[in-house]
>>> print(open('model.pdb').read())   # PDB, C-alpha atoms
ATOM      1  CA  MET Y 232     114.578  72.290 113.651  1.00  0.00           C
ATOM      2  CA  ALA Y 233     117.102  75.128 113.358  1.00  0.00           C
ATOM      3  CA  LYS Y 234     120.619  74.081 112.600  1.00  0.00           C
ATOM      4  CA  HIS Y 235     123.319  75.749 114.687  1.00  0.00           C
ATOM      5  CA  PRO Y 236     126.418  76.763 112.752  1.00  0.00           C
ATOM      6  CA  THR Y 237     129.645  75.107 113.796  1.00  0.00           C
ATOM      7  CA  ASN Y 238     133.022  76.766 113.710  1.00  0.00           C
ATOM      8  CA  SER Y 239     133.800  75.125 110.365  1.00  0.00           C
ATOM      9  CA  GLU Y 240     130.648  76.634 108.769  1.00  0.00           C
ATOM     10  CA  GLU Y 241     131.222  80.204 110.002  1.00  0.00           C
ATOM     11  CA  PRO Y 242     133.056  82.531 107.644  1.00  0.00           C
ATOM     12  CA  SER Y 243     136.340  83.651 109.149  1.00  0.00           C
ATOM     13  CA  ALA Y 244     136.761  87.376 109.559  1.00  0.00           C
ATOM     14  CA  GLU Y 245     140.466  87.962 108.968  1.00  0.00           C
ATOM     15  CA  THR Y 246     142.162  91.270 109.435  1.00  0.00           C
ATOM     16  CA  LEU Y 247     144.306  92.717 106.673  1.00  0.00           C
ATOM     17  CA  GLU Y 248     147.506  91.748 108.468  1.00  0.00           C
ATOM     18  CA  GLU Y 249     146.327  88.155 108.968  1.00  0.00           C
ATOM     19  CA  THR Y 250     145.393  87.840 105.291  1.00  0.00           C
ATOM     20  CA  GLN Y 251     148.770  89.221 104.185  1.00  0.00           C
ATOM     21  CA  ALA Y 252     150.591  86.885 106.567  1.00  0.00           C
ATOM     22  CA  ARG Y 253     148.590  83.901 105.288  1.00  0.00           C
ATOM     23  CA  LEU Y 254     149.307  84.777 101.660  1.00  0.00           C
ATOM     24  CA  LYS Y 255     153.037  85.251 102.339  1.00  0.00           C
ATOM     25  CA  ALA Y 256     153.288  81.747 103.759  1.00  0.00           C
ATOM     26  CA  GLY Y 257     155.106  79.619 101.221  1.00  0.00           C
ATOM     27  CA  LYS Y 258     158.485  78.057 100.726  1.00  0.00           C
ATOM     28  CA  GLY Y 259     160.878  78.765 103.534  1.00  0.00           C
ATOM     29  CA  VAL Y 260     158.093  79.578 106.023  1.00  0.00           C
ATOM     30  CA  PRO Y 261     157.180  76.910 108.552  1.00  0.00           C
ATOM     31  CA  THR Y 262     153.650  75.550 108.310  1.00  0.00           C
ATOM     32  CA  PRO Y 263     151.597  76.693 111.301  1.00  0.00           C
ATOM     33  CA  SER Y 264     150.674  73.976 113.746  1.00  0.00           C
ATOM     34  CA  ARG Y 265     147.119  72.737 114.046  1.00  0.00           C
ATOM     35  CA  ALA Y 266     146.723  74.484 117.404  1.00  0.00           C
ATOM     36  CA  GLU Y 267     147.864  77.775 115.839  1.00  0.00           C
ATOM     37  CA  GLN Y 268     145.429  77.376 112.935  1.00  0.00           C
ATOM     38  CA  GLU Y 269     142.508  76.592 115.277  1.00  0.00           C
ATOM     39  CA  ALA Y 270     143.386  79.540 117.516  1.00  0.00           C
ATOM     40  CA  ALA Y 271     143.436  81.826 114.457  1.00  0.00           C
ATOM     41  CA  ARG Y 272     139.981  80.603 113.389  1.00  0.00           C
ATOM     42  CA  LYS Y 273     138.362  81.006 116.794  1.00  0.00           C
ATOM     43  CA  ARG Y 274     136.639  84.271 117.467  1.00  0.00           C
ATOM     44  CA  PRO Y 275     134.103  85.237 120.092  1.00  0.00           C
ATOM     45  CA  LEU Y 276     130.408  85.069 119.217  1.00  0.00           C
ATOM     46  CA  VAL Y 277     129.855  88.415 120.914  1.00  0.00           C
ATOM     47  CA  PRO Y 278     132.268  91.258 120.143  1.00  0.00           C
ATOM     48  CA  ASN Y 279     134.384  92.610 122.968  1.00  0.00           C
ATOM     49  CA  ASP Y 280     133.065  96.152 122.594  1.00  0.00           C
ATOM     50  CA  ARG Y 281     129.346  96.006 121.841  1.00  0.00           C
ATOM     51  CA  LYS Y 282     128.943  99.785 121.573  1.00  0.00           C
ATOM     52  CA  GLU Y 283     131.673  99.977 118.966  1.00  0.00           C
ATOM     53  CA  ALA Y 284     130.204  97.020 117.056  1.00  0.00           C
ATOM     54  CA  THR Y 285     126.741  98.641 117.096  1.00  0.00           C
ATOM     55  CA  LYS Y 286     128.187 101.925 115.897  1.00  0.00           C
ATOM     56  CA  ALA Y 287     130.040 100.167 113.073  1.00  0.00           C
ATOM     57  CA  ALA Y 288     126.890  98.240 112.055  1.00  0.00           C
ATOM     58  CA  LYS Y 289     124.833 101.455 112.002  1.00  0.00           C
ATOM     59  CA  ALA Y 290     127.463 103.212 109.903  1.00  0.00           C
ATOM     60  CA  LYS Y 291     127.490 100.296 107.451  1.00  0.00           C
ATOM     61  CA  GLU Y 292     123.670 100.361 107.176  1.00  0.00           C
ATOM     62  CA  ALA Y 293     123.662 104.139 106.676  1.00  0.00           C
ATOM     63  CA  GLU Y 294     126.227 103.778 103.896  1.00  0.00           C
ATOM     64  CA  ALA Y 295     124.113 101.084 102.213  1.00  0.00           C
ATOM     65  CA  ARG Y 296     120.975 103.272 102.473  1.00  0.00           C
ATOM     66  CA  GLU Y 297     122.824 106.234 100.983  1.00  0.00           C
ATOM     67  CA  ARG Y 298     124.110 104.067  98.120  1.00  0.00           C
ATOM     68  CA  ALA Y 299     120.551 102.841  97.494  1.00  0.00           C
ATOM     69  CA  ARG Y 300     119.155 106.396  97.584  1.00  0.00           C
ATOM     70  CA  ILE Y 301     121.720 107.649  95.085  1.00  0.00           C
ATOM     71  CA  GLY Y 302     121.203 104.586  92.888  1.00  0.00           C
ATOM     72  CA  MET Y 303     117.433 105.038  92.891  1.00  0.00           C
ATOM     73  CA  ALA Y 304     117.686 108.738  92.066  1.00  0.00           C
ATOM     74  CA  ALA Y 305     120.026 107.891  89.196  1.00  0.00           C
ATOM     75  CA  GLY Y 306     117.634 105.218  87.878  1.00  0.00           C
ATOM     76  CA  ASP Y 307     119.931 102.244  88.541  1.00  0.00           C
ATOM     77  CA  GLU Y 308     117.810  99.097  88.067  1.00  0.00           C
ATOM     78  CA  ARG Y 309     119.388  97.361  91.095  1.00  0.00           C
ATOM     79  CA  TYR Y 310     118.035  99.988  93.492  1.00  0.00           C
ATOM     80  CA  LEU Y 311     114.622 100.647  91.944  1.00  0.00           C
ATOM     81  CA  PRO Y 312     111.471  99.248  93.549  1.00  0.00           C
ATOM     82  CA  MET Y 313     109.687  96.530  91.558  1.00  0.00           C
ATOM     83  CA  ARG Y 314     107.078  98.977  90.218  1.00  0.00           C
ATOM     84  CA  ASP Y 315     109.821 101.000  88.465  1.00  0.00           C
ATOM     85  CA  ARG Y 316     111.875  98.175  86.975  1.00  0.00           C
ATOM     86  CA  GLY Y 317     112.076  97.070  83.376  1.00  0.00           C
ATOM     87  CA  PRO Y 318     112.637  98.584  79.954  1.00  0.00           C
ATOM     88  CA  GLN Y 319     108.969  99.470  79.453  1.00  0.00           C
ATOM     89  CA  LYS Y 320     108.814 101.463  82.695  1.00  0.00           C
ATOM     90  CA  LYS Y 321     112.030 103.244  81.717  1.00  0.00           C
ATOM     91  CA  PHE Y 322     110.480 104.094  78.341  1.00  0.00           C
ATOM     92  CA  VAL Y 323     107.394 105.485  80.110  1.00  0.00           C
ATOM     93  CA  ARG Y 324     109.509 107.520  82.553  1.00  0.00           C
ATOM     94  CA  ASP Y 325     111.587 108.986  79.749  1.00  0.00           C
ATOM     95  CA  TYR Y 326     108.530 109.785  77.637  1.00  0.00           C
ATOM     96  CA  VAL Y 327     106.689 111.474  80.521  1.00  0.00           C
ATOM     97  CA  ASP Y 328     109.811 113.424  81.504  1.00  0.00           C
ATOM     98  CA  ALA Y 329     110.385 114.587  77.920  1.00  0.00           C
ATOM     99  CA  ARG Y 330     106.981 116.258  77.631  1.00  0.00           C
ATOM    100  CA  PHE Y 331     105.310 119.034  79.586  1.00  0.00           C
ATOM    101  CA  SER Y 332     102.249 117.798  81.443  1.00  0.00           C
ATOM    102  CA  ILE Y 333      99.526 120.085  82.762  1.00  0.00           C
ATOM    103  CA  GLY Y 334      99.454 118.058  85.970  1.00  0.00           C
ATOM    104  CA  GLU Y 335     102.995 119.163  86.832  1.00  0.00           C
ATOM    105  CA  ILE Y 336     101.724 122.556  87.918  1.00  0.00           C
ATOM    106  CA  LEU Y 337      98.645 121.208  89.686  1.00  0.00           C
ATOM    107  CA  ILE Y 338     100.213 121.511  93.155  1.00  0.00           C
ATOM    108  CA  PRO Y 339     101.294 125.168  92.679  1.00  0.00           C
ATOM    109  CA  VAL Y 340      97.803 125.995  91.389  1.00  0.00           C
ATOM    110  CA  MET Y 341      96.295 124.380  94.484  1.00  0.00           C
ATOM    111  CA  PHE Y 342      98.485 126.557  96.706  1.00  0.00           C
ATOM    112  CA  ALA Y 343      97.385 129.643  94.775  1.00  0.00           C
ATOM    113  CA  VAL Y 344      93.727 128.698  95.279  1.00  0.00           C
ATOM    114  CA  ILE Y 345      94.316 128.171  99.007  1.00  0.00           C
ATOM    115  CA  ILE Y 346      95.798 131.664  99.206  1.00  0.00           C
ATOM    116  CA  LEU Y 347      92.802 133.040  97.272  1.00  0.00           C
ATOM    117  CA  THR Y 348      90.419 131.494  99.810  1.00  0.00           C
ATOM    118  CA  PHE Y 349      91.902 133.740 102.513  1.00  0.00           C
ATOM    119  CA  ILE Y 350      90.652 136.813 100.656  1.00  0.00           C
ATOM    120  CA  PRO Y 351      87.356 137.783 102.305  1.00  0.00           C
ATOM    121  CA  ASN Y 352      85.647 138.399  98.952  1.00  0.00           C
ATOM    122  CA  ALA Y 353      83.273 135.508  98.152  1.00  0.00           C
ATOM    123  CA  GLN Y 354      83.435 136.171  94.416  1.00  0.00           C
ATOM    124  CA  VAL Y 355      87.251 135.826  94.369  1.00  0.00           C
ATOM    125  CA  GLN Y 356      86.989 132.584  96.374  1.00  0.00           C
ATOM    126  CA  ALA Y 357      84.394 131.172  93.980  1.00  0.00           C
ATOM    127  CA  ILE Y 358      86.511 132.064  90.953  1.00  0.00           C
ATOM    128  CA  GLY Y 359      89.540 130.374  92.582  1.00  0.00           C
ATOM    129  CA  ILE Y 360      87.626 127.157  93.294  1.00  0.00           C
ATOM    130  CA  LEU Y 361      86.108 127.134  89.790  1.00  0.00           C
ATOM    131  CA  ALA Y 362      89.565 127.671  88.257  1.00  0.00           C
ATOM    132  CA  LEU Y 363      90.966 124.829  90.356  1.00  0.00           C
ATOM    133  CA  TRP Y 364      88.264 122.372  89.253  1.00  0.00           C
ATOM    134  CA  SER Y 365      88.595 123.347  85.603  1.00  0.00           C
ATOM    135  CA  PHE Y 366      92.378 123.005  85.830  1.00  0.00           C
ATOM    136  CA  PHE Y 367      91.945 119.609  87.502  1.00  0.00           C
ATOM    137  CA  LEU Y 368      89.656 118.416  84.671  1.00  0.00           C
ATOM    138  CA  ILE Y 369      92.166 119.613  82.047  1.00  0.00           C
ATOM    139  CA  ALA Y 370      94.920 117.689  83.872  1.00  0.00           C
ATOM    140  CA  ILE Y 371      92.780 114.518  83.862  1.00  0.00           C
ATOM    141  CA  VAL Y 372      92.122 114.857  80.115  1.00  0.00           C
ATOM    142  CA  ASP Y 373      95.855 115.371  79.531  1.00  0.00           C
ATOM    143  CA  VAL Y 374      96.689 112.231  81.545  1.00  0.00           C
ATOM    144  CA  VAL Y 375      94.107 110.144  79.643  1.00  0.00           C
ATOM    145  CA  ILE Y 376      95.565 111.277  76.315  1.00  0.00           C
ATOM    146  CA  LEU Y 377      99.070 110.521  77.600  1.00  0.00           C
ATOM    147  CA  GLY Y 378      97.992 107.011  78.628  1.00  0.00           C
ATOM    148  CA  GLN Y 379      96.506 106.284  75.209  1.00  0.00           C
ATOM    149  CA  MET Y 380      99.601 107.570  73.405  1.00  0.00           C
ATOM    150  CA  LEU Y 381     101.924 105.501  75.607  1.00  0.00           C
ATOM    151  CA  THR Y 382      99.817 102.363  75.167  1.00  0.00           C
ATOM    152  CA  ARG Y 383     100.055 102.724  71.369  1.00  0.00           C
ATOM    153  CA  LYS Y 384     103.813 103.406  71.471  1.00  0.00           C
ATOM    154  CA  LEU Y 385     104.481 100.441  73.778  1.00  0.00           C
ATOM    155  CA  ARG Y 386     102.424  98.086  71.591  1.00  0.00           C
ATOM    156  CA  ALA Y 387     104.323  99.285  68.535  1.00  0.00           C
ATOM    157  CA  LYS Y 388     107.679  98.801  70.243  1.00  0.00           C
ATOM    158  CA  TYR Y 389     107.100  95.677  72.378  1.00  0.00           C
ATOM    159  CA  GLY Y 390     104.164  94.026  70.612  1.00  0.00           C
ATOM    160  CA  GLU Y 391     101.852  91.857  72.715  1.00  0.00           C
ATOM    161  CA  LYS Y 392     104.268  91.959  75.653  1.00  0.00           C
ATOM    162  CA  ALA Y 393     103.344  95.591  76.342  1.00  0.00           C
ATOM    163  CA  GLU Y 394     102.500  96.208  79.999  1.00  0.00           C
ATOM    164  CA  ARG Y 395      99.615  98.265  81.300  1.00  0.00           C
ATOM    165  CA  VAL Y 396     101.279 101.508  82.300  1.00  0.00           C
ATOM    166  CA  ARG Y 397      98.565 104.141  82.184  1.00  0.00           C
ATOM    167  CA  TRP Y 398      98.343 104.535  85.965  1.00  0.00           C
ATOM    168  CA  TYR Y 399     102.141 104.578  86.282  1.00  0.00           C
ATOM    169  CA  ALA Y 400     102.421 107.280  83.618  1.00  0.00           C
ATOM    170  CA  ALA Y 401      99.581 109.307  85.148  1.00  0.00           C
ATOM    171  CA  MET Y 402     101.125 109.324  88.624  1.00  0.00           C
ATOM    172  CA  ARG Y 403     104.467 110.433  87.219  1.00  0.00           C
ATOM    173  CA  ALA Y 404     102.883 113.112  85.018  1.00  0.00           C
ATOM    174  CA  LEU Y 405     101.002 114.609  87.989  1.00  0.00           C
ATOM    175  CA  GLN Y 406     104.191 115.123  90.027  1.00  0.00           C
ATOM    176  CA  LEU Y 407     106.407 118.171  89.905  1.00  0.00           C
ATOM    177  CA  ARG Y 408     109.352 117.357  87.664  1.00  0.00           C
ATOM    178  CA  MET Y 409     111.929 118.107  90.364  1.00  0.00           C
ATOM    179  CA  LEU Y 410     110.221 115.774  92.884  1.00  0.00           C
ATOM    180  CA  ARG Y 411     110.023 112.691  90.649  1.00  0.00           C
ATOM    181  CA  LEU Y 412     111.874 109.549  91.662  1.00  0.00           C
ATOM    182  CA  PRO Y 413     113.827 108.209  89.891  1.00  0.00           C
ATOM    183  CA  LYS Y 414     115.041 111.619  88.748  1.00  0.00           C
ATOM    184  CA  PRO Y 415     114.361 112.507  85.098  1.00  0.00           C
ATOM    185  CA  GLN Y 416     117.148 111.154  82.880  1.00  0.00           C
ATOM    186  CA  VAL Y 417     116.146 113.121  79.753  1.00  0.00           C
ATOM    187  CA  ARG Y 418     115.648 116.784  78.936  1.00  0.00           C
ATOM    188  CA  ARG Y 419     112.395 118.275  77.711  1.00  0.00           C
ATOM    189  CA  GLY Y 420     111.737 117.310  74.092  1.00  0.00           C
ATOM    190  CA  GLN Y 421     114.238 114.419  74.205  1.00  0.00           C
ATOM    191  CA  TYR Y 422     111.696 111.640  73.556  1.00  0.00           C
ATOM    192  CA  PRO Y 423     112.820 107.998  73.679  1.00  0.00           C
ATOM    193  CA  SER Y 424     112.895 106.054  70.433  1.00  0.00           C
TER     194      SER Y 424
END
>>> encode(input="model.pdb", output="structure tokens")
Amino acid sequence: MAKHPTNSEEPSAETLEETQARLKAGKGVPTPSRAEQEAARKRPLVPNDRKEATKAAKAKEAEARERARIGMAAGDERYLPMRDRGPQKKFVRDYVDARFSIGEILIPVMFAVIILTFIPNAQVQAIGILALWSFFLIAIVDVVILGQMLTRKLRAKYGEKAERVRWYAAMRALQLRMLRLPKPQVRRGQYPS
């Protein structure tokens, strides 16, 4: 059965002036009567101006979302989803971001092939499709090699506690560098130790 909060369990929402007045109370200031204290604690369950309260709540949520977005882009552990948390995932992100992966330019190559398919020459279209498939196979080989290298490096650094990160590394390596989230924290060639 749900327990309804009583007035004593609800947190009081004091204004700045009320807090300052309460803190100033001391020697030489009369103690407020019980009726005055109870009146100060009482507040309506529903705000007087619902539209204003809704607007304030939306602004607070938008601020929290913006803080989370900035924190995630910066790689702050508190704002990262569970799949991106931990020192091993950070090592993988930094390693993938430090190297050039063939898969990074896979999307631009796909756009180039799409443009080539609009050319009415069948031979040009066939060459474009063949180039796309060969590029795709090279990207897969690159990702497999990356996964093996990362597995060895993680085992050397973390021992038996090394996580399986091949899929995580592959998905990051196949994205354009500027579209990766969290944003790359290292420059090219700046491999983690």
>>> atom_distance(input="model.pdb", atom1="atom CA of Y:Met303", atom2="atom CA of Y:Leu412")
7.3 Å
>>> resolve_selection(input="model.pdb", expression="the PyMOL selection byres ((chain Y and resi 423) around 8)", output="JSON, numbers by chain")
{"Y": [322, 325, 326, 421, 422, 424]}
>>> write_last_selection(input="model.pdb", atoms="C-alpha atoms", output="short mmCIF file (atom, residue, chain, number, x, y, z; two decimals), in the frame of the given file")
data_model
loop_
_atom_site.label_atom_id
_atom_site.label_comp_id
_atom_site.auth_asym_id
_atom_site.auth_seq_id
_atom_site.Cartn_x
_atom_site.Cartn_y
_atom_site.Cartn_z
CA PHE Y 322 110.48 104.09 78.34
CA ASP Y 325 111.59 108.99 79.75
CA TYR Y 326 108.53 109.78 77.64
CA GLN Y 421 114.24 114.42 74.20
CA TYR Y 422 111.70 111.64 73.56
CA SER Y 424 112.90 106.05 70.43
#
>>> resolve_selection(input="model.pdb", expression="the PyMOL selection byres ((chain Y and resi 390-398) around 10)", output="MDAnalysis selection string")
chainID Y and resid 319:320 323 374:389 399:404
>>> resolve_selection(input="model.pdb", expression="the PyMOL selection byres ((chain Y and resi 341) around 12)", output="list in words")
Gly334, Glu335, Ile336, Leu337, Ile338, Pro339, Val340, Phe342, Ala343, Val344, Ile345, Ile346, Leu347, Thr348, Gly359, Ile360, Leu361, Ala362, Leu363, Trp364, Ser365, Phe366 and Phe367 of chain Y
>>> atom_distance(input="model.pdb", atom1="atom CA of Y:Ala252", atom2="atom CA of Y:Ala288")
26.8 Å
>>> residues_around(input="model.pdb", residues="Y:Gly306", least_positions_apart="4", cutoff="8 Å", atoms="only C-alpha atoms", output="PyMOL selection string")
chain Y and resi 302+310-311+413-414+416
>>> closest_residue(input="model.pdb", among="Y:Val417, Y:Ala357, Y:Val327, Y:Met313", to="Y:Asp373", atoms="only C-alpha atoms")
Y:Val327
>>> atom_distance(input="model.pdb", atom1="atom CA of Y:Arg418", atom2="atom CA of Y:Ala329")
5.8 Å
>>> closest_residue(input="model.pdb", among="Y:Ile333, Y:Arg419, Y:Lys286, Y:Ile350", to="Y:Gln406", atoms="all atoms listed in the file")
Y:Ile333
